[in-house]
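Engineer: Just protein_7.pdb, nothing more (PDB, C-alpha atoms, pLDDT in the B column):
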```
ATOM      1  CA  MET A   1    -121.238-157.934-199.300  1.00 57.00           C
ATOM      2  CA  THR A   2    -122.869-154.653-198.304  1.00 57.00           C
ATOM      3  CA  LEU A   3    -122.167-151.356-200.027  1.00 49.00           C
ATOM      4  CA  ARG A   4    -120.781-150.009-196.755  1.00 51.00           C
ATOM      5  CA  LYS A   5    -118.194-152.782-196.675  1.00 47.00           C
ATOM      6  CA  LEU A   6    -117.334-152.046-200.302  1.00 41.00           C
ATOM      7  CA  TRP A   7    -116.737-148.368-199.440  1.00 44.00           C
ATOM      8  CA  ILE A   8    -114.478-149.285-196.516  1.00 45.00           C
ATOM      9  CA  MET A   9    -112.464-151.816-198.513  1.00 42.00           C
ATOM     10  CA  ALA A  10    -112.010-149.410-201.389  1.00 40.00           C
ATOM     11  CA  SER A  11    -110.797-146.677-199.046  1.00 41.00           C
ATOM     12  CA  ALA A  12    -108.060-148.873-197.654  1.00 36.00           C
ATOM     13  CA  VAL A  13    -106.866-150.006-201.074  1.00 34.00           C
ATOM     14  CA  LEU A  14    -106.982-146.495-202.506  1.00 36.00           C
ATOM     15  CA  ALA A  15    -104.659-145.132-199.861  1.00 35.00           C
ATOM     16  CA  LEU A  16    -101.980-147.313-201.398  1.00 30.00           C
ATOM     17  CA  ALA A  17    -102.876-146.920-205.059  1.00 35.00           C
ATOM     18  CA  ALA A  18    -103.944-143.316-205.703  1.00 37.00           C
ATOM     19  CA  THR A  19    -101.852-141.383-208.165  1.00 34.00           C
ATOM     20  CA  PRO A  20    -102.132-137.659-208.839  1.00 38.00           C
ATOM     21  CA  ALA A  21    -103.505-136.463-212.171  1.00 40.00           C
ATOM     22  CA  VAL A  22    -103.698-133.079-213.808  1.00 40.00           C
ATOM     23  CA  ALA A  23    -106.329-131.980-216.336  1.00 43.00           C
ATOM     24  CA  ARG A  24    -104.645-131.137-219.622  1.00 52.00           C
ATOM     25  CA  LYS A  25    -106.935-130.580-222.566  1.00 83.00           C
ATOM     26  CA  VAL A  26    -110.421-130.015-221.157  1.00 93.00           C
ATOM     27  CA  VAL A  27    -111.154-126.283-221.320  1.00 95.00           C
ATOM     28  CA  VAL A  28    -114.491-124.648-220.515  1.00 96.00           C
ATOM     29  CA  GLY A  29    -115.870-122.934-223.602  1.00 96.00           C
ATOM     30  CA  GLN A  30    -113.896-125.168-225.985  1.00 96.00           C
ATOM     31  CA  PRO A  31    -114.920-128.344-227.831  1.00 96.00           C
ATOM     32  CA  ALA A  32    -114.745-131.359-225.543  1.00 96.00           C
ATOM     33  CA  PRO A  33    -111.891-133.762-226.231  1.00 95.00           C
ATOM     34  CA  ASP A  34    -113.168-137.004-227.649  1.00 93.00           C
ATOM     35  CA  PHE A  35    -113.463-139.954-225.306  1.00 94.00           C
ATOM     36  CA  ARG A  36    -114.297-143.610-225.378  1.00 93.00           C
ATOM     37  CA  MET A  37    -115.848-144.958-222.232  1.00 93.00           C
ATOM     38  CA  HIS A  38    -116.075-148.584-221.247  1.00 88.00           C
ATOM     39  CA  LEU A  39    -119.308-149.093-219.333  1.00 88.00           C
ATOM     40  CA  ALA A  40    -119.739-151.661-216.610  1.00 82.00           C
ATOM     41  CA  GLY A  41    -121.884-153.823-218.907  1.00 79.00           C
ATOM     42  CA  GLY A  42    -119.137-154.017-221.525  1.00 83.00           C
ATOM     43  CA  GLN A  43    -120.579-151.406-223.893  1.00 89.00           C
ATOM     44  CA  ARG A  44    -118.406-148.688-225.379  1.00 92.00           C
ATOM     45  CA  VAL A  45    -119.624-145.121-225.746  1.00 95.00           C
ATOM     46  CA  SER A  46    -117.836-142.224-227.410  1.00 95.00           C
ATOM     47  CA  LEU A  47    -118.502-138.515-227.421  1.00 95.00           C
ATOM     48  CA  ALA A  48    -119.742-138.836-231.004  1.00 94.00           C
ATOM     49  CA  ASP A  49    -122.407-141.304-229.815  1.00 95.00           C
ATOM     50  CA  LEU A  50    -123.739-138.634-227.451  1.00 96.00           C
ATOM     51  CA  ARG A  51    -123.991-135.698-229.882  1.00 93.00           C
ATOM     52  CA  GLY A  52    -127.115-133.623-229.349  1.00 96.00           C
ATOM     53  CA  GLN A  53    -127.345-134.593-225.672  1.00 97.00           C
ATOM     54  CA  ILE A  54    -126.192-132.905-222.489  1.00 98.00           C
ATOM     55  CA  VAL A  55    -123.474-135.066-220.935  1.00 98.00           C
ATOM     56  CA  ILE A  56    -122.342-135.078-217.309  1.00 98.00           C
ATOM     57  CA  LEU A  57    -119.147-136.985-216.609  1.00 97.00           C
ATOM     58  CA  ASN A  58    -119.050-137.460-212.849  1.00 97.00           C
ATOM     59  CA  LEU A  59    -115.639-138.627-211.633  1.00 96.00           C
ATOM     60  CA  TRP A  60    -116.099-140.192-208.225  1.00 96.00           C
ATOM     61  CA  ALA A  61    -114.516-142.665-205.824  1.00 96.00           C
ATOM     62  CA  THR A  62    -115.978-145.201-203.436  1.00 95.00           C
ATOM     63  CA  TRP A  63    -114.078-143.711-200.485  1.00 95.00           C
ATOM     64  CA  CYS A  64    -115.242-140.128-201.170  1.00 96.00           C
ATOM     65  CA  GLY A  65    -117.870-138.782-198.746  1.00 96.00           C
ATOM     66  CA  PRO A  66    -119.021-135.885-200.978  1.00 97.00           C
ATOM     67  CA  CYS A  67    -119.273-138.339-203.895  1.00 97.00           C
ATOM     68  CA  LYS A  68    -121.625-140.553-201.901  1.00 95.00           C
ATOM     69  CA  GLN A  69    -123.706-137.522-200.913  1.00 95.00           C
ATOM     70  CA  GLU A  70    -123.859-136.317-204.525  1.00 96.00           C
ATOM     71  CA  MET A  71    -124.857-139.674-206.004  1.00 97.00           C
ATOM     72  CA  PRO A  72    -128.570-139.574-205.047  1.00 95.00           C
ATOM     73  CA  GLU A  73    -128.850-136.052-206.501  1.00 94.00           C
ATOM     74  CA  LEU A  74    -127.235-137.129-209.768  1.00 96.00           C
ATOM     75  CA  ASP A  75    -129.508-140.152-209.884  1.00 97.00           C
ATOM     76  CA  ARG A  76    -132.579-137.949-209.404  1.00 95.00           C
ATOM     77  CA  ILE A  77    -131.363-135.510-212.064  1.00 95.00           C
ATOM     78  CA  GLN A  78    -130.807-138.338-214.546  1.00 97.00           C
ATOM     79  CA  ALA A  79    -134.157-139.971-213.803  1.00 96.00           C
ATOM     80  CA  ASN A  80    -136.051-136.696-214.279  1.00 94.00           C
ATOM     81  CA  ALA A  81    -134.133-135.203-217.215  1.00 96.00           C
ATOM     82  CA  ALA A  82    -133.274-138.208-219.392  1.00 96.00           C
ATOM     83  CA  LYS A  83    -136.329-137.522-221.553  1.00 96.00           C
ATOM     84  CA  TYR A  84    -134.878-134.065-222.310  1.00 96.00           C
ATOM     85  CA  GLY A  85    -131.558-135.453-223.509  1.00 96.00           C
ATOM     86  CA  LEU A  86    -129.449-135.641-220.347  1.00 97.00           C
ATOM     87  CA  ARG A  87    -126.908-138.429-219.946  1.00 98.00           C
ATOM     88  CA  VAL A  88    -125.003-138.848-216.678  1.00 98.00           C
ATOM     89  CA  PHE A  89    -122.041-141.224-216.443  1.00 97.00           C
ATOM     90  CA  GLY A  90    -120.386-142.198-213.159  1.00 97.00           C
ATOM     91  CA  VAL A  91    -116.679-142.567-213.903  1.00 96.00           C
ATOM     92  CA  LEU A  92    -114.833-144.432-211.164  1.00 93.00           C
ATOM     93  CA  ALA A  93    -111.636-142.391-210.702  1.00 92.00           C
ATOM     94  CA  MET A  94    -108.684-142.603-208.338  1.00 89.00           C
ATOM     95  CA  ASP A  95    -110.107-145.864-207.080  1.00 90.00           C
ATOM     96  CA  PRO A  96    -108.884-149.419-207.648  1.00 90.00           C
ATOM     97  CA  THR A  97    -112.284-150.971-206.924  1.00 91.00           C
ATOM     98  CA  PRO A  98    -113.411-153.088-209.883  1.00 90.00           C
ATOM     99  CA  LEU A  99    -116.842-152.176-211.198  1.00 86.00           C
ATOM    100  CA  SER A 100    -117.853-155.802-210.857  1.00 87.00           C
ATOM    101  CA  ALA A 101    -117.770-155.251-207.081  1.00 93.00           C
ATOM    102  CA  LEU A 102    -120.255-152.393-207.505  1.00 92.00           C
ATOM    103  CA  ARG A 103    -122.977-154.370-209.298  1.00 90.00           C
ATOM    104  CA  PRO A 104    -125.534-153.857-206.501  1.00 93.00           C
ATOM    105  CA  LEU A 105    -125.050-150.107-206.767  1.00 93.00           C
ATOM    106  CA  ALA A 106    -125.143-150.135-210.569  1.00 92.00           C
ATOM    107  CA  LYS A 107    -128.479-151.959-210.495  1.00 92.00           C
ATOM    108  CA  VAL A 108    -130.227-149.171-208.573  1.00 95.00           C
ATOM    109  CA  LEU A 109    -128.770-146.151-210.374  1.00 96.00           C
ATOM    110  CA  HIS A 110    -130.497-144.497-213.328  1.00 96.00           C
ATOM    111  CA  TYR A 111    -127.109-143.800-214.924  1.00 97.00           C
ATOM    112  CA  PRO A 112    -124.314-146.169-215.903  1.00 96.00           C
ATOM    113  CA  LEU A 113    -121.037-146.616-214.108  1.00 95.00           C
ATOM    114  CA  VAL A 114    -117.933-146.367-216.252  1.00 93.00           C
ATOM    115  CA  ASP A 115    -114.904-148.590-216.003  1.00 81.00           C
ATOM    116  CA  ARG A 116    -112.543-146.211-217.789  1.00 78.00           C
ATOM    117  CA  ILE A 117    -112.473-143.115-219.970  1.00 87.00           C
ATOM    118  CA  GLY A 118    -109.869-141.345-222.057  1.00 77.00           C
ATOM    119  CA  SER A 119    -106.962-139.719-220.268  1.00 78.00           C
ATOM    120  CA  ASP A 120    -108.077-136.104-220.853  1.00 89.00           C
ATOM    121  CA  TYR A 121    -110.853-136.396-218.280  1.00 93.00           C
ATOM    122  CA  VAL A 122    -109.157-136.520-214.905  1.00 92.00           C
ATOM    123  CA  ALA A 123    -109.973-135.314-211.409  1.00 92.00           C
ATOM    124  CA  VAL A 124    -109.467-131.545-211.414  1.00 93.00           C
ATOM    125  CA  GLY A 125    -106.891-130.650-208.773  1.00 93.00           C
ATOM    126  CA  ASN A 126    -106.670-134.354-207.967  1.00 93.00           C
ATOM    127  CA  ALA A 127    -110.044-134.058-206.192  1.00 95.00           C
ATOM    128  CA  VAL A 128    -113.282-135.966-206.427  1.00 96.00           C
ATOM    129  CA  PRO A 129    -116.019-135.489-207.157  1.00 97.00           C
ATOM    130  CA  THR A 130    -115.085-133.749-210.377  1.00 97.00           C
ATOM    131  CA  ASN A 131    -117.841-132.986-212.859  1.00 97.00           C
ATOM    132  CA  TYR A 132    -117.620-132.152-216.527  1.00 97.00           C
ATOM    133  CA  ILE A 133    -120.726-130.898-218.323  1.00 98.00           C
ATOM    134  CA  ILE A 134    -120.736-130.978-222.116  1.00 97.00           C
ATOM    135  CA  ASP A 135    -123.511-129.247-224.049  1.00 97.00           C
ATOM    136  CA  ARG A 136    -125.467-130.532-227.048  1.00 97.00           C
ATOM    137  CA  ALA A 137    -122.918-129.065-229.471  1.00 95.00           C
ATOM    138  CA  GLY A 138    -120.013-130.850-227.780  1.00 96.00           C
ATOM    139  CA  VAL A 139    -118.644-127.820-225.931  1.00 96.00           C
ATOM    140  CA  VAL A 140    -117.414-128.081-222.337  1.00 97.00           C
ATOM    141  CA  ARG A 141    -119.611-125.813-220.221  1.00 97.00           C
ATOM    142  CA  TYR A 142    -118.454-126.833-216.723  1.00 96.00           C
ATOM    143  CA  ALA A 143    -115.329-128.512-215.354  1.00 96.00           C
ATOM    144  CA  LYS A 144    -114.852-128.371-211.589  1.00 96.00           C
ATOM    145  CA  ALA A 145    -113.972-130.443-208.590  1.00 96.00           C
ATOM    146  CA  ASN A 146    -117.281-129.956-206.845  1.00 94.00           C
ATOM    147  CA  ALA A 147    -120.386-131.961-206.002  1.00 96.00           C
ATOM    148  CA  LEU A 148    -123.363-130.975-208.129  1.00 94.00           C
ATOM    149  CA  THR A 149    -126.466-129.885-206.228  1.00 90.00           C
ATOM    150  CA  ALA A 150    -130.097-129.104-207.000  1.00 89.00           C
ATOM    151  CA  ARG A 151    -129.032-125.453-207.277  1.00 91.00           C
ATOM    152  CA  ASP A 152    -126.424-126.368-209.913  1.00 92.00           C
ATOM    153  CA  TYR A 153    -129.146-128.216-211.779  1.00 93.00           C
ATOM    154  CA  ALA A 154    -131.330-125.089-211.812  1.00 93.00           C
ATOM    155  CA  GLU A 155    -128.505-122.697-212.720  1.00 95.00           C
ATOM    156  CA  ILE A 156    -126.357-124.779-215.089  1.00 95.00           C
ATOM    157  CA  ILE A 157    -128.032-127.931-216.348  1.00 96.00           C
ATOM    158  CA  ALA A 158    -131.673-126.847-216.820  1.00 96.00           C
ATOM    159  CA  PRO A 159    -130.732-123.921-219.101  1.00 97.00           C
ATOM    160  CA  LEU A 160    -128.624-126.278-221.226  1.00 97.00           C
ATOM    161  CA  LEU A 161    -131.529-128.711-221.472  1.00 96.00           C
ATOM    162  CA  ALA A 162    -133.731-125.859-222.685  1.00 95.00           C
ATOM    163  CA  GLU A 163    -131.363-125.121-225.579  1.00 93.00           C
ATOM    164  CA  PRO A 164    -132.285-126.805-228.853  1.00 90.00           C
ATOM    165  CA  ALA A 165    -129.943-129.336-230.333  1.00 84.00           C
ATOM    166  CA  PRO A 166    -127.754-127.656-232.956  1.00 84.00           C
ATOM    167  CA  ALA A 167    -128.375-128.449-236.607  1.00 79.00           C
ATOM    168  CA  THR A 168    -124.762-129.580-236.822  1.00 62.00           C
ATOM    169  CA  THR A 169    -122.557-130.353-233.868  1.00 46.00           C
ATOM    170  CA  LEU A 170    -118.904-129.604-233.402  1.00 51.00           C
ATOM    171  CA  ALA A 171    -116.500-132.376-234.118  1.00 51.00           C
ATOM    172  CA  PRO A 172    -114.252-133.253-231.178  1.00 50.00           C
ATOM    173  CA  ASN A 173    -111.223-130.980-231.108  1.00 51.00           C
ATOM    174  CA  ALA A 174    -112.655-128.941-234.008  1.00 46.00           C
ATOM    175  CA  ALA A 175    -110.812-125.876-232.715  1.00 42.00           C
ATOM    176  CA  ALA A 176    -107.508-127.648-233.249  1.00 42.00           C
ATOM    177  CA  ARG A 177    -108.215-128.208-236.974  1.00 38.00           C
TER
END
```
When written as structure tokens, how does the structure in this file appear?
Structural biologist:
Amino acid sequence: MTLRKLWIMASAVLALAATPAVARKVVVGQPAPDFRMHLAGGQRVSLADLRGQIVILNLWATWCGPCKQEMPELDRIQANAAKYGLRVFGVLAMDPTPLSALRPLAKVLHYPLVDRIGSDYVAVGNAVPTNYIIDRAGVVRYAKANALTARDYAEIIAPLLAEPAPATTLAPNAAAR
């Protein structure tokens, strides 16, 4: 089955299954809420596993045109910046398509696709793509429904990559303690 057919099928199914969501606990400038992601390959990754790295959580959907346009840019960013501590994760959101149907896509991307993530990370304004950027200390630095571009890389991500990893990182929800 071609990727184009997968996009079309997912669009039809999503029209029946989409449910609105509202971001609750993710606040720019505050420690990122902890999460546990289930990657397409069966691995589990938590925020604690990613301490000291810059993390981009890209919530996307197979039916979303801007998501499809953003994907090659995110892939390029991940391929070029992984050695500096960048980790991009493609979180399938608002989309009933099983990740198993996206294996051909997952094989060509430089970043993993995610089956599910904790409930705090939802599509801002019920819109995809939504991107969350978490710095090396575990603080949310960006949370918007917007496709990331090369300009965003230069203005937001590159400066974060230039920052040294903190000697100690914030524990998830440290502000609440």
Engineer: Extract, using only C-alpha atoms, all DNA, RNA and protein residues at most 12 Å from Ala158 in chain A, discarding same-chain residues fewer than 3 positions from it, and format them as a short mmCIF file (atom, residue, chain, number, x, y, z; two decimals) with C-alpha atoms, keeping the file's coordinate frame.
Structural biologist:
```cif
data_model
loop_
_atom_site.label_atom_id
_atom_site.label_comp_id
_atom_site.auth_asym_id
_atom_site.auth_seq_id
_atom_site.Cartn_x
_atom_site.Cartn_y
_atom_site.Cartn_z
CA ILE A 54 -126.19 -132.90 -222.49
CA ILE A 77 -131.36 -135.51 -212.06
CA GLN A 78 -130.81 -138.34 -214.55
CA ASN A 80 -136.05 -136.70 -214.28
CA ALA A 81 -134.13 -135.20 -217.22
CA ALA A 82 -133.27 -138.21 -219.39
CA TYR A 84 -134.88 -134.06 -222.31
CA GLY A 85 -131.56 -135.45 -223.51
CA LEU A 86 -129.45 -135.64 -220.35
CA ILE A 133 -120.73 -130.90 -218.32
CA ASP A 135 -123.51 -129.25 -224.05
CA ALA A 150 -130.10 -129.10 -207.00
CA ARG A 151 -129.03 -125.45 -207.28
CA ASP A 152 -126.42 -126.37 -209.91
CA TYR A 153 -129.15 -128.22 -211.78
CA ALA A 154 -131.33 -125.09 -211.81
CA GLU A 155 -128.50 -122.70 -212.72
CA LEU A 161 -131.53 -128.71 -221.47
CA ALA A 162 -133.73 -125.86 -222.68
CA GLU A 163 -131.36 -125.12 -225.58
#
```
Engineer: Point out the residue among A:Asp115, A:Leu59, A:Leu99, A:Ser46 with the least atom-to-atom distance to Ala143 in chain A, counting all atoms listed in the file.
Structural biologist: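 Comparing A:Asp115, A:Leu59, A:Leu99, A:Ser46 against Ala143 in chain A, the winner is A:Leu59.
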Engineer: When the PyMOL selection byres ((chain A and resi 71-75) around 8) is applied to the structure above, which residues does it catch, written out as a VMD selection string?
Structural biologist: chain A and resid 67 to 70 76 to 79 88 109 to 111 148 to 150
Engineer: Go ahead and write the residues just picked, C-alpha atoms, as a JSON list (two decimals), in the frame of the given file.
Structural biologist:
```
[["chain", "number", "residue", "atom", "x", "y", "z"],
["A", 67, "CYS", "CA", -119.27, -138.34, -203.90],
["A", 68, "LYS", "CA", -121.62, -140.55, -201.90],
["A", 69, "GLN", "CA", -123.71, -137.52, -200.91],
["A", 70, "GLU", "CA", -123.86, -136.32, -204.52],
["A", 76, "ARG", "CA", -132.58, -137.95, -209.40],
["A", 77, "ILE", "CA", -131.36, -135.51, -212.06],
["A", 78, "GLN", "CA", -130.81, -138.34, -214.55],
["A", 79, "ALA", "CA", -134.16, -139.97, -213.80],
["A", 88, "VAL", "CA", -125.00, -138.85, -216.68],
["A", 109, "LEU", "CA", -128.77, -146.15, -210.37],
["A", 110, "HIS", "CA", -130.50, -144.50, -213.33],
["A", 111, "TYR", "CA", -127.11, -143.80, -214.92],
["A", 148, "LEU", "CA", -123.36, -130.98, -208.13],
["A", 149, "THR", "CA", -126.47, -129.88, -206.23],
["A", 150, "ALA", "CA", -130.10, -129.10, -207.00]]
```
Engineer: May I ask which of the residues A:Gly118, A:Pro33, A:Pro66, A:Pro129 is the closest one to Met94 in chain A, counting only C-alpha atoms?
Structural biologist: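 The answer is A:Pro129, which sits nearest to Met94 in chain A.
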Engineer: List, as a list in words, every residue that the PyMOL selection byres ((chain A and resi 27) around 12) selects in the file provided.
Structural biologist: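 Checked against the file, the PyMOL selection byres ((chain A and resi 27) around 12) matches Ala23, Arg24, Lys25, Val26, Val28, Gly29, Gln30, Pro31, Ala32, Pro33, Asp120, Tyr121, Val124, Tyr132, Ile133, Ile134, Gly138, Val139, Val140, Arg141, Tyr142, Ala143, Lys144, Asn173 and Ala175 of chain A.
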Engineer: Ranking A:Ala61, A:Leu105, A:Ala165, A:Ile157 by minimum distance to Ala127 in chain A and counting all atoms listed in the file, which one comes first?
Structural biologist: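 For Ala127 in chain A, the nearest of the candidates is A:Ala61.
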Engineer: Once 6 Å is added on each side, what centre and edge lengths in Å to one decimal does the axis-aligned box around all listed atoms of range 43-54 of chain A have, as JSON?
Structural biologist:
```
{"center_x": -122.6, "center_y": -142.2, "center_z": -226.7, "size_x": 21.5, "size_y": 30.5, "size_z": 20.5}
```
Engineer: Compare A:Ala167, A:Leu39, A:Val128, A:Ala93 by their minimum atom-to-atom distance to Asn146 in chain A, counting only C-alpha atoms, and give me the closest one.
Structural biologist: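 Closest to Asn146 in chain A of all the choices is A:Val128.
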Engineer: So how far away is CA of Asp34 in chain A from CA of Pro164 in chain A, in Å?
Structural biologist: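 CA of Asp34 in chain A lies 21.7 Å from CA of Pro164 in chain A.
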Engineer: Which of these, A:Cys64, A:Ala145, A:Met37, A:Leu47, has the shortest distance to Val91 in chain A once you count only C-alpha atoms?
Structural biologist: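 Using only C-alpha atoms, the shortest distance to Val91 in chain A belongs to A:Met37.
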Engineer: Apply the PyMOL selection byres ((chain A and resi 89) around 8) to the displayed file and report the matching residues as a ChimeraX atom specification.
Structural biologist: /A:55-58,87-88,90-91,111-114
Engineer: What does the structure give for the distance between CA of Leu50 in chain A and CA of Leu160 in chain A, in Å to one decimal?
Structural biologist: 14.7 Å
Engineer: Provide the CA of Thr97 in chain A to CA of Val45 in chain A distance in Å, to one decimal place.
Structural biologist: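 Going from CA of Thr97 in chain A over to CA of Val45 in chain A covers 21.0 Å.
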Engineer: Would you please work out which residue, of A:Leu102, A:Asn126, A:Pro159, A:Arg136, is nearest to Ala40 in chain A when using all atoms listed in the file?
Structural biologist: A:Leu102
